[in-house]
Amino acid sequence: MNPIALIILSAIIIDLILNGIADYLNLKMLRNELPEAFQGVYDPDRYRKSQLYLKTNTRFGWFSGAFNVAVMLLFWFGKGFPLLDEWVRSFHYGPIITGLLYMGVLILCKSLLSLPFSIYGTFVIEERFGFNQTSWSTFVLDLAKGVLLAILLGTPLLAGILLFFEYAAANAWWYCWIAVTLYMLGVQFIAPTWIMPLFNKFTTLEEGELKSAILTYAGSIKFPLENVYVMDGSRRSSKSNAFFTGFGKHRRIVLFDTLIKQHTTGELLAVLAHEMGHYKKKHILQSMILGILQMGIMLYLLSLFISDQALFDAFYMPQKSVYAGLIFFGMLYSPLGFFIGIFMQMLSRKNETAADRFSVETTHDPESMAEALKKLSINNLSNLLPHPLYVFLNYSHPPVLQRIQAIQG
Ligand SMILES: [Zn+2]
């Protein structure tokens, strides 16, 4: 067997098995009795519901994961890649248009295949557990806007990458690196003001106790804050959240309307202090730099493999092309991407703990932070006792009990 095909196939199988084991261990951790920190605050019926939610989502994940792998293998070994190539080449366009067509068809098929799962997840699972607020019209509009945005933003980016690798030879990877970095920074810069409002309504937080408390706090830690935004998260789900987005003068702190409804001023302040902690501790800058570095490594490796005959043989492709090389390399990269992902998650968990500590140290209110975390877990039906392997593979935040313990210690 072709060595590259062997690597990719093994990676797919190992990934399936590893995640299957982690899921199994995770479910084995479920207990009837509530953890001590939650006794008296968590309604036992709702706690049982959270466990059912976990089981349902795990099973759904298995089904959709296995389905995706099966389709992918069928397409691969059914010689779908060369068949599609033959078809797009039959139009006799240049390499860029042909490449965009090839990738466009694959992306479209992948999206169509994931659509039923997305519908089931939203309108059956989330509905059943009382989270779903998405109407069918919102769902369809989201989909249409998402597709339009992907075409508008994705096409020039892909065309640029194809162009560089088609014509710039050995320099292509670092030309691409610079171009992609600038493009990503540009998109992130305009996202809070131009892209996100396409999906949600953002209003400035109304004057009052909460706003003045936030501004006073921001002043005390010298955080340059002009405004806090409220997002109509309730349009889609009753789950709640807060986040930090953008940079420069487009930087924004956003609270979900659902969060404001469920928490006290002290708790909201603790949550916002955590978000500002990410900024003060330079976590946002750090993840941006690491993302750029990772992109550089990936593009450099891409430049080494993109004209390797073995890469094309692995997918039964008689003719080499930049566009197919990009896709195949993406699959070959996935084992390395897996390890980089694990490292990034570890770093993220460490940063979350640091942001919690920042919040507690600057608000001097560990109780509110702990209360906020408890309420968030209860409202979002989070798993209180995930298995360490599952956390290691999947969690960007430490498990809630660990966070509460660290805060109170
Ligand atoms: Zn955080």
# chains A, B, ... in the order shown; residues from 1 in each chain; ligands from 1
$ select_by_dssp --residues "region 106-348 of chain A" --states "helix (DSSP H, G or I)" --output "count of residues only"
180
$ residues_near_ligand --ligand "ligand 1" --cutoff "8 Å" --atoms "only C-alpha atoms and all ligand atoms" --output "PyMOL selection string"
chain A and resi 243+274-275+278+351-352+355-356+397
$ select_by_dssp --residues "region 159-395 of chain A" --states "strand (DSSP E)" --output "PyMOL selection string"
chain A and resi 202-204+228-231+242-245+252-256
$ write_last_selection --atoms "N, CA, C and O atoms" --output "compact mmCIF listing (two decimals), in the first residue's frame"
# COMPACT_ATOMS: atom_id res chain seq x y z
N PHE A 202 -26.41 43.46 17.96
CA PHE A 202 -25.57 43.90 19.06
C PHE A 202 -26.04 45.28 19.51
O PHE A 202 -26.14 46.19 18.69
N THR A 203 -26.35 45.40 20.78
CA THR A 203 -26.73 46.71 21.29
C THR A 203 -25.78 47.05 22.42
O THR A 203 -25.21 46.15 23.06
N THR A 204 -25.62 48.35 22.68
CA THR A 204 -24.75 48.69 23.80
C THR A 204 -25.55 48.48 25.08
O THR A 204 -26.76 48.67 25.11
N VAL A 228 -19.85 48.11 26.52
CA VAL A 228 -20.08 46.68 26.61
C VAL A 228 -21.27 46.39 25.71
O VAL A 228 -22.23 47.16 25.68
N TYR A 229 -21.19 45.30 24.95
CA TYR A 229 -22.26 44.99 24.02
C TYR A 229 -23.09 43.81 24.51
O TYR A 229 -22.57 42.90 25.16
N VAL A 230 -24.36 43.87 24.16
CA VAL A 230 -25.26 42.76 24.48
C VAL A 230 -25.68 42.12 23.16
O VAL A 230 -26.06 42.82 22.22
N MET A 231 -25.54 40.78 23.10
CA MET A 231 -25.90 40.07 21.87
C MET A 231 -27.19 39.27 22.08
O MET A 231 -27.37 38.68 23.15
N ALA A 242 -20.26 34.63 27.26
CA ALA A 242 -19.71 35.97 27.11
C ALA A 242 -18.41 35.79 26.35
O ALA A 242 -17.78 34.74 26.45
N PHE A 243 -18.00 36.77 25.56
CA PHE A 243 -16.74 36.62 24.85
C PHE A 243 -16.12 37.95 24.50
O PHE A 243 -16.73 39.01 24.64
N PHE A 244 -14.91 37.86 24.04
CA PHE A 244 -14.09 38.99 23.71
C PHE A 244 -13.76 38.84 22.23
O PHE A 244 -13.43 37.75 21.79
N THR A 245 -13.85 39.89 21.47
CA THR A 245 -13.59 39.72 20.04
C THR A 245 -12.91 40.95 19.42
O THR A 245 -13.05 42.05 19.95
N ARG A 252 -14.18 44.30 21.20
CA ARG A 252 -15.48 44.33 21.87
C ARG A 252 -15.60 43.27 22.95
O ARG A 252 -15.14 42.15 22.76
N ILE A 253 -16.26 43.64 24.02
CA ILE A 253 -16.66 42.64 25.00
C ILE A 253 -18.16 42.45 24.85
O ILE A 253 -18.91 43.42 24.78
N VAL A 254 -18.55 41.19 24.72
CA VAL A 254 -19.95 40.90 24.43
C VAL A 254 -20.56 39.97 25.49
O VAL A 254 -19.96 38.97 25.85
N LEU A 255 -21.74 40.35 25.96
CA LEU A 255 -22.50 39.50 26.88
C LEU A 255 -23.73 38.99 26.16
O LEU A 255 -24.40 39.76 25.47
N PHE A 256 -24.05 37.71 26.31
CA PHE A 256 -25.30 37.21 25.75
C PHE A 256 -26.46 37.76 26.60
O PHE A 256 -26.32 37.87 27.82
$ closest_atom_pairs --of "region 170-273 of chain A" --to "region 302-316 of chain A" --cutoff "9 Å" --atoms "only C-alpha atoms" --output "CSV"
residue,atom,partner,partner_atom,distance
A:Ala170,CA,A:Ser303,CA,7.4
A:Asn171,CA,A:Ser303,CA,9.0
A:Ala172,CA,A:Ser303,CA,7.5
A:Trp173,CA,A:Ser303,CA,6.0
$ residues_around --residues "region 144-160 of chain A" --least-positions-apart "5" --cutoff "12 Å" --atoms "only C-alpha atoms" --output "MDAnalysis selection string"
chainID A and resid 94:104 107:108 111:112 137:139 165:168 172:173 175:184 186:188 191 194:200 322:323 326:327
$ closest_residue --among "A:Gly40, A:Pro386, A:Pro116, A:Gly78" --to "Ser64 (chain A)" --atoms "only C-alpha atoms"
A:Pro116
$ residues_around --residues "region 45-49 of chain A" --least-positions-apart "3" --cutoff "9 Å" --atoms "only C-alpha atoms" --output "list in words"
Asn32, Leu34, Tyr42, Leu52, Tyr53, Leu54, Phe129, Ile378 and Leu381 of chain A
$ residues_around --residues "region 18-29 of chain A" --least-positions-apart "3" --cutoff "12 Å" --atoms "only C-alpha atoms" --output "PyMOL selection string"
chain A and resi 10-15+32-33+50-63+65-66+338+383-395
$ closest_residue --among "A:Leu143, A:Pro398, A:Leu205, A:Ser348" --to "Ser287 (chain A)" --atoms "only C-alpha atoms"
A:Ser348
$ closest_residue --among "A:Ser220, A:Asp232, A:Pro82, A:Leu299" --to "Thr134 (chain A)" --atoms "only C-alpha atoms"
A:Asp232
$ residues_around --residues "Ser234 (chain A)" --least-positions-apart "4" --cutoff "7 Å" --atoms "only C-alpha atoms" --output "list of chain:residue names"
A:Gln133, A:Ser238, A:Asp257, A:Thr258
$ residues_around --residues "Ile407 (chain A)" --least-positions-apart "4" --cutoff "8 Å" --atoms "only C-alpha atoms" --output "list in words"
Asp356, Arg357, Val360, Pro366, Met369, Ala370 and Arg403 of chain A
$ closest_residue --among "A:Phe247, A:Phe339, A:Phe328, A:Phe358" --to "Val271 (chain A)" --atoms "only C-alpha atoms"
A:Phe358
$ closest_residue --among "A:Leu74, A:Ile260, A:Ile161, A:Pro3" --to "Gly325 (chain A)" --atoms "only C-alpha atoms"
A:Ile161
$ closest_residue --among "A:Asn2, A:Ser114, A:Gln294, A:Gln405" --to "Met344 (chain A)" --atoms "only C-alpha atoms"
A:Gln294
$ atom_distance --atom1 "CA of Asn380 (chain A)" --atom2 "CA of Gln262 (chain A)"
11.5 Å
